[in-house]
file run22.tsv (TSV, C-alpha atoms and all ligand atoms)
chain	number	residue	atom	x	y	z
B	1	MET	CA	-47.66	-69.38	-93.79
B	2	PHE	CA	-47.94	-67.61	-97.18
B	3	ASP	CA	-48.25	-71.10	-98.70
B	4	SER	CA	-50.51	-70.08	-101.57
B	5	LEU	CA	-48.52	-66.99	-102.59
B	6	LYS	CA	-47.62	-66.94	-106.31
B	7	LEU	CA	-44.96	-64.74	-107.87
B	8	SER	CA	-47.20	-63.85	-110.81
B	9	GLU	CA	-49.81	-62.45	-108.40
B	10	LEU	CA	-47.46	-60.14	-106.49
B	11	PRO	CA	-48.05	-57.04	-108.66
B	12	LYS	CA	-51.78	-57.38	-107.88
B	13	ILE	CA	-51.86	-58.43	-104.25
B	14	HIS	CA	-48.88	-56.63	-102.69
B	15	CYS	CA	-49.53	-53.89	-100.14
B	16	GLY	CA	-46.35	-51.90	-100.81
B	17	ILE	CA	-43.07	-51.88	-102.68
B	18	LEU	CA	-40.04	-51.27	-100.45
B	19	ARG	CA	-37.69	-51.13	-103.40
B	20	LYS	CA	-38.19	-51.23	-107.14
B	21	PRO	CA	-36.05	-53.70	-109.09
B	22	SER	CA	-32.88	-52.80	-110.95
B	23	SER	CA	-31.02	-55.07	-113.37
B	24	THR	CA	-29.05	-56.67	-110.52
B	25	ARG	CA	-31.34	-56.09	-107.56
B	26	PRO	CA	-34.55	-57.85	-106.61
B	27	THR	CA	-37.93	-56.23	-106.13
B	28	ILE	CA	-38.76	-55.94	-102.43
B	29	TRP	CA	-42.51	-56.30	-101.94
B	30	ILE	CA	-44.62	-56.16	-98.78
B	31	VAL	CA	-47.47	-58.66	-98.56
B	32	GLU	CA	-50.03	-59.41	-95.90
B	33	GLU	CA	-51.95	-62.57	-95.04
B	34	ASN	CA	-54.31	-62.98	-92.07
B	35	GLY	CA	-52.92	-59.83	-90.48
B	36	VAL	CA	-49.29	-60.98	-90.77
B	37	ARG	CA	-46.97	-58.92	-92.96
B	38	ALA	CA	-43.97	-60.27	-94.82
B	39	VAL	CA	-41.22	-58.97	-97.07
B	40	VAL	CA	-40.73	-60.72	-100.42
B	41	LYS	CA	-37.27	-60.45	-101.92
B	42	ASP	CA	-38.09	-61.32	-105.50
B	43	TYR	CA	-35.57	-61.95	-108.30
B	44	SER	CA	-38.25	-63.12	-110.75
B	45	THR	CA	-38.47	-59.51	-111.99
B	46	SER	CA	-34.81	-59.49	-113.10
B	47	LYS	CA	-33.74	-60.30	-116.65
B	48	PHE	CA	-33.72	-63.96	-117.74
B	49	LEU	CA	-29.99	-64.60	-117.55
B	50	PHE	CA	-29.47	-62.79	-114.28
B	51	ARG	CA	-32.46	-64.28	-112.44
B	52	ASN	CA	-31.64	-67.84	-113.49
B	53	SER	CA	-27.97	-67.66	-112.53
B	54	VAL	CA	-27.10	-65.07	-109.89
B	55	GLY	CA	-30.70	-64.70	-108.69
B	56	ARG	CA	-31.24	-68.41	-107.99
B	57	PHE	CA	-27.79	-68.68	-106.42
B	58	LEU	CA	-28.39	-65.75	-104.04
B	59	VAL	CA	-31.82	-67.03	-103.02
B	60	TRP	CA	-30.30	-70.45	-102.30
B	61	ARG	CA	-27.46	-68.90	-100.25
B	62	GLU	CA	-29.77	-66.68	-98.23
B	63	SER	CA	-32.34	-69.41	-97.56
B	64	LYS	CA	-29.61	-71.78	-96.39
B	65	ALA	CA	-28.31	-69.20	-93.91
B	66	CYS	CA	-31.83	-68.33	-92.66
B	67	ARG	CA	-32.55	-72.01	-91.95
B	68	LYS	CA	-29.40	-72.24	-89.86
B	69	MET	CA	-30.52	-69.27	-87.82
B	70	LYS	CA	-34.05	-70.47	-87.17
B	71	ASN	CA	-35.44	-68.94	-83.95
B	72	LEU	CA	-32.43	-66.68	-83.42
B	73	LYS	CA	-33.86	-63.41	-82.09
B	74	GLY	CA	-32.69	-60.54	-84.29
B	75	ILE	CA	-32.80	-62.49	-87.57
B	76	PRO	CA	-36.06	-62.40	-89.55
B	77	SER	CA	-37.71	-65.82	-89.95
B	78	LEU	CA	-37.87	-67.32	-93.40
B	79	TYR	CA	-41.48	-68.28	-94.17
B	80	ARG	CA	-40.75	-69.91	-97.51
B	81	VAL	CA	-38.93	-69.82	-100.85
B	82	ILE	CA	-41.04	-69.47	-104.01
B	83	ASP	CA	-39.89	-71.23	-107.21
B	84	GLY	CA	-36.24	-70.82	-106.19
B	85	LEU	CA	-36.51	-67.14	-107.11
B	86	ALA	CA	-37.95	-65.33	-104.10
B	87	LEU	CA	-37.70	-65.38	-100.31
B	88	VAL	CA	-40.69	-64.64	-98.09
B	89	LEU	CA	-39.34	-63.20	-94.84
B	90	GLU	CA	-40.77	-61.91	-91.59
B	91	GLU	CA	-41.19	-58.14	-91.83
B	92	ILE	CA	-39.20	-56.25	-89.18
B	93	PRO	CA	-40.92	-52.96	-88.33
B	94	GLY	CA	-38.21	-50.29	-88.16
B	95	ARG	CA	-35.64	-48.49	-90.30
B	96	ASN	CA	-32.37	-49.57	-91.82
B	97	LEU	CA	-29.25	-47.69	-90.65
B	98	GLU	CA	-28.78	-46.10	-94.07
B	99	GLU	CA	-32.08	-44.28	-93.60
B	100	LEU	CA	-30.95	-42.72	-90.32
B	101	GLU	CA	-29.11	-39.44	-90.33
B	102	ASP	CA	-25.35	-39.70	-89.77
B	103	ARG	CA	-25.51	-37.90	-86.50
B	104	MET	CA	-28.58	-39.58	-85.14
B	105	GLU	CA	-27.33	-41.01	-81.87
B	106	ILE	CA	-27.96	-44.67	-81.23
B	107	PRO	CA	-27.79	-45.83	-77.61
B	108	GLN	CA	-24.85	-47.98	-76.52
B	109	ALA	CA	-27.37	-50.72	-75.58
B	110	PHE	CA	-28.15	-51.16	-79.29
B	111	PHE	CA	-24.49	-51.84	-80.08
B	112	ASP	CA	-24.16	-54.20	-77.12
B	113	ALA	CA	-27.18	-56.16	-78.36
B	114	LEU	CA	-25.71	-56.14	-81.87
B	115	LYS	CA	-22.47	-57.64	-80.54
B	116	ASP	CA	-24.45	-60.40	-78.81
B	117	LEU	CA	-26.38	-61.02	-82.02
B	118	VAL	CA	-23.17	-61.33	-84.05
B	119	ALA	CA	-21.77	-63.73	-81.42
B	120	GLY	CA	-25.04	-65.70	-81.67
B	121	PHE	CA	-24.82	-66.41	-85.39
B	122	HIS	CA	-21.07	-66.98	-85.24
B	123	LYS	CA	-21.85	-69.69	-82.69
B	124	ARG	CA	-24.14	-71.30	-85.26
B	125	GLY	CA	-21.23	-71.37	-87.71
B	126	LEU	CA	-22.04	-68.39	-89.92
B	127	ALA	CA	-20.25	-65.18	-90.90
B	128	HIS	CA	-22.45	-62.46	-92.45
B	129	CYS	CA	-19.69	-60.82	-94.57
B	130	ASP	CA	-21.73	-57.78	-95.64
B	131	LEU	CA	-22.48	-56.00	-92.38
B	132	LYS	CA	-20.55	-52.89	-93.39
B	133	ARG	CA	-23.40	-52.00	-95.71
B	134	ALA	CA	-25.65	-49.87	-93.51
B	135	PRO	CA	-28.92	-51.03	-95.20
B	136	ASN	CA	-28.28	-54.56	-93.89
B	137	THR	CA	-28.79	-53.62	-90.24
B	138	LEU	CA	-32.18	-52.50	-89.00
B	139	LEU	CA	-33.04	-50.46	-85.94
B	140	GLY	CA	-36.33	-52.07	-84.95
B	141	ASN	CA	-39.19	-50.00	-83.60
B	142	ASP	CA	-38.52	-51.90	-80.36
B	143	GLY	CA	-35.03	-50.30	-80.24
B	144	LEU	CA	-33.30	-53.64	-80.93
B	145	PRO	CA	-30.95	-54.54	-83.79
B	146	TYR	CA	-31.94	-56.89	-86.63
B	147	ILE	CA	-29.66	-58.22	-89.34
B	148	ILE	CA	-30.89	-58.96	-92.85
B	149	ASP	CA	-29.48	-59.83	-96.29
B	150	TRP	CA	-27.65	-63.13	-95.87
B	151	SER	CA	-26.83	-63.71	-99.54
B	152	ALA	CA	-23.09	-63.08	-99.06
B	153	SER	CA	-22.79	-65.12	-95.87
B	154	ILE	CA	-20.47	-68.10	-95.57
B	155	SER	CA	-20.53	-71.06	-93.24
B	156	GLU	CA	-17.81	-72.52	-91.08
B	157	LYS	CA	-18.48	-75.96	-92.59
B	158	GLU	CA	-17.88	-74.80	-96.15
B	159	PHE	CA	-14.74	-72.95	-95.10
B	160	GLY	CA	-13.41	-75.65	-92.78
B	161	LEU	CA	-10.22	-76.61	-94.57
B	162	PHE	CA	-6.96	-74.67	-94.76
B	163	PRO	CA	-6.60	-72.00	-96.17
B	164	LEU	CA	-10.36	-71.34	-96.28
B	165	ASN	CA	-10.54	-71.53	-92.49
B	166	LEU	CA	-8.27	-68.45	-92.34
B	167	ILE	CA	-10.60	-66.56	-94.67
B	168	TYR	CA	-13.54	-67.59	-92.52
B	169	ARG	CA	-11.80	-66.27	-89.40
B	170	ARG	CA	-11.11	-63.00	-91.17
B	171	PHE	CA	-14.80	-62.62	-92.03
B	172	LEU	CA	-15.79	-63.34	-88.43
B	173	SER	CA	-13.71	-60.42	-87.24
B	174	ASP	CA	-14.96	-58.26	-90.14
B	175	ASP	CA	-18.47	-58.66	-88.73
B	176	TYR	CA	-17.22	-57.02	-85.54
B	177	VAL	CA	-15.32	-54.31	-87.45
B	178	ALA	CA	-18.65	-53.42	-89.06
B	179	ILE	CA	-20.10	-52.64	-85.63
B	180	ILE	CA	-17.24	-50.19	-84.97
B	181	LYS	CA	-18.00	-48.54	-88.31
B	182	MET	CA	-21.65	-48.05	-87.31
B	183	LYS	CA	-20.61	-46.67	-83.92
B	184	LEU	CA	-18.16	-44.24	-85.58
B	185	ARG	CA	-20.96	-42.90	-87.74
B	186	HIS	CA	-23.65	-42.59	-85.12
B	187	THR	CA	-22.08	-42.42	-81.67
B	188	PRO	CA	-18.36	-41.64	-82.18
B	189	GLY	CA	-17.98	-40.62	-78.53
B	190	ALA	CA	-18.63	-44.22	-77.48
B	191	VAL	CA	-15.85	-45.67	-79.65
B	192	THR	CA	-12.86	-46.69	-77.54
B	193	GLN	CA	-9.27	-45.96	-78.56
B	194	LYS	CA	-8.67	-49.70	-79.08
B	195	GLU	CA	-11.68	-49.94	-81.41
B	196	ARG	CA	-10.47	-46.89	-83.38
B	197	GLU	CA	-7.02	-48.39	-83.93
B	198	PHE	CA	-8.42	-51.79	-84.89
B	199	TYR	CA	-10.75	-50.11	-87.39
B	200	ARG	CA	-8.02	-48.01	-89.01
B	201	TYR	CA	-5.72	-51.01	-89.30
B	202	ARG	CA	-8.40	-53.14	-90.99
B	203	SER	CA	-10.25	-50.77	-93.30
B	204	GLY	CA	-7.53	-50.37	-95.98
B	205	PRO	CA	-7.64	-53.84	-97.63
B	206	GLU	CA	-11.38	-53.98	-97.06
B	207	LYS	CA	-11.93	-50.80	-99.09
B	208	MET	CA	-9.95	-52.29	-101.96
B	209	LEU	CA	-12.11	-55.46	-102.01
B	210	ARG	CA	-15.31	-53.42	-101.93
B	211	GLY	CA	-14.01	-51.34	-104.83
B	212	ILE	CA	-13.49	-54.51	-106.87
B	213	ARG	CA	-16.96	-55.78	-105.95
B	214	ASP	CA	-18.62	-52.50	-106.96
B	215	ARG	CA	-16.78	-52.47	-110.28
B	216	LEU	CA	-17.91	-56.07	-110.94
B	217	ARG	CA	-21.49	-55.09	-110.20
B	218	HIS	CA	-21.17	-52.21	-112.63
B	219	ILE	CA	-19.86	-54.52	-115.36
B	220	LEU	CA	-22.63	-57.07	-114.65
B	221	GLN	CA	-25.24	-54.36	-114.97
B	222	LYS	CA	-23.95	-53.61	-118.45
B	223	ILE	CA	-23.81	-57.17	-119.75
B	224	VAL	CA	-26.95	-58.83	-118.36
B	301	LIG	N1	-37.21	-58.61	-93.26
B	301	LIG	C1	-37.21	-57.30	-93.52
B	301	LIG	N2	-37.94	-56.46	-92.74
B	301	LIG	C2	-37.97	-55.14	-93.00
B	301	LIG	N3	-37.31	-54.55	-94.01
B	301	LIG	C3	-36.57	-55.33	-94.82
B	301	LIG	C4	-36.49	-56.75	-94.63
B	301	LIG	N4	-35.70	-57.27	-95.59
B	301	LIG	C5	-35.31	-56.23	-96.36
B	301	LIG	N5	-35.83	-55.06	-95.91
B	301	LIG	C6	-35.60	-53.72	-96.50
B	301	LIG	O1	-35.20	-53.85	-97.86
B	301	LIG	C7	-33.87	-53.36	-98.05
B	301	LIG	C8	-33.11	-54.25	-99.01
B	301	LIG	O2	-33.05	-55.57	-98.49
B	301	LIG	P1	-31.78	-56.52	-98.72
B	301	LIG	O3	-30.57	-55.85	-98.20
B	301	LIG	O4	-32.11	-57.87	-98.19
B	301	LIG	O5	-31.74	-56.56	-100.32
B	301	LIG	P2	-30.49	-56.49	-101.30
B	301	LIG	O6	-30.98	-56.67	-102.67
B	301	LIG	O7	-29.48	-57.44	-100.82
B	301	LIG	O8	-30.02	-55.04	-101.12
B	301	LIG	P3	-28.56	-54.43	-101.27
B	301	LIG	O9	-27.91	-55.04	-102.46
B	301	LIG	O10	-28.88	-52.97	-101.40
B	301	LIG	O11	-27.88	-54.77	-99.97
B	301	LIG	C9	-33.26	-53.30	-96.66
B	301	LIG	O12	-32.27	-52.32	-96.55
B	301	LIG	C10	-34.45	-53.02	-95.77
B	301	LIG	O13	-34.71	-51.63	-95.71
B	302	MG	MG	-28.73	-55.48	-98.52
call {"tool": "encode", "arguments": {"input": "run22.tsv", "output": "structure tokens"}}
result
Amino acid sequence: MFDSLKLSELPKIHCGILRKPSSTRPTIWIVEENGVRAVVKDYSTSKFLFRNSVGRFLVWRESKACRKMKNLKGIPSLYRVIDGLALVLEEIPGRNLEELEDRMEIPQAFFDALKDLVAGFHKRGLAHCDLKRAPNTLLGNDGLPYIIDWSASISEKEFGLFPLNLIYRRFLSDDYVAIIKMKLRHTPGAVTQKEREFYRYRSGPEKMLRGIRDRLRHILQKIV
């Protein structure tokens, strides 16, 4: 599917732009072929240095994770990778959690399904590592959760040896902490006391790491 798609043709043949590119972020195009829509996450529009280093690396990381999760319900299928610079992914009709209002209630069933989904990819030996970013979880039009953006994910195999195995375990539980964060934002009444305490205990060091990451991104934006 989408076998003949060329990056150079995207500006002409796309049927929507979900997000315009920035110096460190890919263009997100929508394309359609034989009635099937796909999302193209395209780093070819970034500057030379960035697309050929970070861009290629992130596409490789995300494609590797997607292949591991083939046929896992809740994870968009990867149709193909183009020139090592873009991913063509199944389009999930719905909205990402960032687009929802803070107080828009989400049913408990959504969070239960999300927990099962997280357990599903953990079973395949993957930790997502960036679930706390609300745009990476989608509320599908079918009411079910979908998880996207696997560029920061890590695999159990790569992190098998001590002390990396401890880091891997930490990221596994961070994926669950992210669900508590979503619940706190949308359906705080459903958060149990135990979940609240676990969240408070964990969010301090996490905030520090995110601060470092955001500063690095800022510096990268200036130099590439
Ligand atoms: N398969 C998909 N189906 C529907 N929408 C998608 C899909 N993939 C991405 N999107 C939309 O595009 C947005 C950005 O996608 P993604 O998070 O993969 O890119 P990113 O460059 O890693 O973004 P960020 O750095 O902001 O996390 C998502 O928040 C979502 O709204
Ligand atoms: Mg994202």
call {"tool": "closest_residue", "arguments": {"input": "run22.tsv", "among": "B:Ile28, B:Val88, B:Leu166, B:Val191", "to": "ligand MG 302 (chain B)", "atoms": "all atoms listed in the file"}}
result
B:Ile28
call {"tool": "closest_atom_pairs", "arguments": {"input": "run22.tsv", "of": "chain B", "to": "ligand MG 302 (chain B)", "cutoff": "6 Å", "atoms": "all atoms listed in the file", "output": "JSON lines"}}
result
{"residue": "B:Pro135", "atom": "CA", "partner": "B:MG302", "partner_atom": "MG", "distance": 5.6}
{"residue": "B:Asn136", "atom": "CA", "partner": "B:MG302", "partner_atom": "MG", "distance": 4.7}
{"residue": "B:Asp149", "atom": "CA", "partner": "B:MG302", "partner_atom": "MG", "distance": 4.9}
call {"tool": "residues_near_ligand", "arguments": {"input": "run22.tsv", "ligand": "ligand LIG 301 (chain B)", "cutoff": "10 Å", "atoms": "all atoms listed in the file", "output": "compact mmCIF listing (two decimals) with C-alpha atoms, keeping the file's coordinate frame"}}
result
# COMPACT_ATOMS: atom_id res chain seq x y z
CA ILE B 17 -43.07 -51.88 -102.68
CA LEU B 18 -40.04 -51.27 -100.45
CA ARG B 19 -37.69 -51.13 -103.40
CA PRO B 21 -36.05 -53.70 -109.09
CA SER B 22 -32.88 -52.80 -110.95
CA THR B 24 -29.05 -56.67 -110.52
CA ARG B 25 -31.34 -56.09 -107.56
CA PRO B 26 -34.55 -57.85 -106.61
CA THR B 27 -37.93 -56.23 -106.13
CA ILE B 28 -38.76 -55.94 -102.43
CA TRP B 29 -42.51 -56.30 -101.94
CA ILE B 30 -44.62 -56.16 -98.78
CA ARG B 37 -46.97 -58.92 -92.96
CA ALA B 38 -43.97 -60.27 -94.82
CA VAL B 39 -41.22 -58.97 -97.07
CA VAL B 40 -40.73 -60.72 -100.42
CA LYS B 41 -37.27 -60.45 -101.92
CA ASP B 42 -38.09 -61.32 -105.50
CA TYR B 43 -35.57 -61.95 -108.30
CA LEU B 58 -28.39 -65.75 -104.04
CA GLU B 62 -29.77 -66.68 -98.23
CA ILE B 75 -32.80 -62.49 -87.57
CA PRO B 76 -36.06 -62.40 -89.55
CA SER B 77 -37.71 -65.82 -89.95
CA LEU B 78 -37.87 -67.32 -93.40
CA LEU B 87 -37.70 -65.38 -100.31
CA VAL B 88 -40.69 -64.64 -98.09
CA LEU B 89 -39.34 -63.20 -94.84
CA GLU B 90 -40.77 -61.91 -91.59
CA GLU B 91 -41.19 -58.14 -91.83
CA ILE B 92 -39.20 -56.25 -89.18
CA PRO B 93 -40.92 -52.96 -88.33
CA GLY B 94 -38.21 -50.29 -88.16
CA ARG B 95 -35.64 -48.49 -90.30
CA ASN B 96 -32.37 -49.57 -91.82
CA LEU B 97 -29.25 -47.69 -90.65
CA GLU B 98 -28.78 -46.10 -94.07
CA GLU B 99 -32.08 -44.28 -93.60
CA ASP B 130 -21.73 -57.78 -95.64
CA LEU B 131 -22.48 -56.00 -92.38
CA ARG B 133 -23.40 -52.00 -95.71
CA ALA B 134 -25.65 -49.87 -93.51
CA PRO B 135 -28.92 -51.03 -95.20
CA ASN B 136 -28.28 -54.56 -93.89
CA THR B 137 -28.79 -53.62 -90.24
CA LEU B 138 -32.18 -52.50 -89.00
CA LEU B 139 -33.04 -50.46 -85.94
CA GLY B 140 -36.33 -52.07 -84.95
CA TYR B 146 -31.94 -56.89 -86.63
CA ILE B 147 -29.66 -58.22 -89.34
CA ILE B 148 -30.89 -58.96 -92.85
CA ASP B 149 -29.48 -59.83 -96.29
CA TRP B 150 -27.65 -63.13 -95.87
CA SER B 151 -26.83 -63.71 -99.54
CA ALA B 152 -23.09 -63.08 -99.06
call {"tool": "closest_residue", "arguments": {"input": "run22.tsv", "among": "B:Tyr79, B:Phe171, B:Tyr199, B:Phe57", "to": "Met1 (chain B)", "atoms": "all atoms listed in the file"}}
result
B:Tyr79
call {"tool": "closest_residue", "arguments": {"input": "run22.tsv", "among": "B:Leu172, B:Leu49, B:Ala190, B:Ala178", "to": "Ile223 (chain B)", "atoms": "all atoms listed in the file"}}
result
B:Leu49
call {"tool": "residues_near_point", "arguments": {"input": "run22.tsv", "point": "(-16.7, -65.1, -89.9)", "cutoff": "10 Å", "atoms": "only C-alpha atoms", "output": "list in words"}}
result
Val118, Ala119, Phe121, His122, Lys123, Gly125, Leu126, Ala127, His128, Cys129, Ser153, Ile154, Ser155, Glu156, Phe159, Asn165, Leu166, Ile167, Tyr168, Arg169, Arg170, Phe171, Leu172, Ser173, Asp174, Asp175 and Tyr176 of chain B
call {"tool": "closest_residue", "arguments": {"input": "run22.tsv", "among": "B:Ile212, B:Leu10, B:Val177, B:Leu85", "to": "Ser63 (chain B)", "atoms": "all atoms listed in the file"}}
result
B:Leu85
call {"tool": "atom_distance", "arguments": {"input": "run22.tsv", "atom1": "CA of Leu100 (chain B)", "atom2": "CA of His186 (chain B)"}}
result
9.0 Å
call {"tool": "atom_distance", "arguments": {"input": "run22.tsv", "atom1": "CA of Trp60 (chain B)", "atom2": "CA of Ser44 (chain B)"}}
result
13.7 Å
call {"tool": "closest_residue", "arguments": {"input": "run22.tsv", "among": "B:Asp3, B:Glu105, B:Glu32, B:Asp112", "to": "Asp83 (chain B)", "atoms": "only C-alpha atoms"}}
result
B:Asp3
call {"tool": "build_atoms", "arguments": {"input": "run22.tsv", "residues": "region 111-123 of chain B", "atoms": "N, CA and C atoms", "output": "compact mmCIF listing (two decimals), in the frame of the given file"}}
result
# COMPACT_ATOMS: atom_id res chain seq x y z
N PHE B 111 -25.73 -51.23 -79.59
CA PHE B 111 -24.49 -51.84 -80.08
C PHE B 111 -24.11 -53.07 -79.25
N ASP B 112 -24.43 -53.02 -77.95
CA ASP B 112 -24.16 -54.20 -77.12
C ASP B 112 -25.01 -55.39 -77.59
N ALA B 113 -26.28 -55.09 -77.89
CA ALA B 113 -27.18 -56.16 -78.36
C ALA B 113 -26.72 -56.68 -79.71
N LEU B 114 -26.20 -55.76 -80.54
CA LEU B 114 -25.71 -56.14 -81.87
C LEU B 114 -24.50 -57.09 -81.74
N LYS B 115 -23.64 -56.77 -80.79
CA LYS B 115 -22.47 -57.64 -80.54
C LYS B 115 -22.93 -59.04 -80.13
N ASP B 116 -23.93 -59.10 -79.25
CA ASP B 116 -24.45 -60.40 -78.81
C ASP B 116 -25.06 -61.15 -79.99
N LEU B 117 -25.75 -60.39 -80.86
CA LEU B 117 -26.38 -61.02 -82.02
C LEU B 117 -25.33 -61.61 -82.95
N VAL B 118 -24.26 -60.84 -83.19
CA VAL B 118 -23.17 -61.33 -84.05
C VAL B 118 -22.55 -62.59 -83.42
N ALA B 119 -22.33 -62.54 -82.10
CA ALA B 119 -21.77 -63.73 -81.42
C ALA B 119 -22.72 -64.92 -81.57
N GLY B 120 -24.03 -64.64 -81.57
CA GLY B 120 -25.04 -65.70 -81.67
C GLY B 120 -24.98 -66.43 -83.00
N PHE B 121 -24.85 -65.67 -84.12
CA PHE B 121 -24.82 -66.41 -85.39
C PHE B 121 -23.42 -66.97 -85.69
N HIS B 122 -22.40 -66.36 -85.11
CA HIS B 122 -21.07 -66.98 -85.24
C HIS B 122 -21.07 -68.35 -84.55
N LYS B 123 -21.76 -68.43 -83.44
CA LYS B 123 -21.85 -69.69 -82.69
C LYS B 123 -22.55 -70.77 -83.53
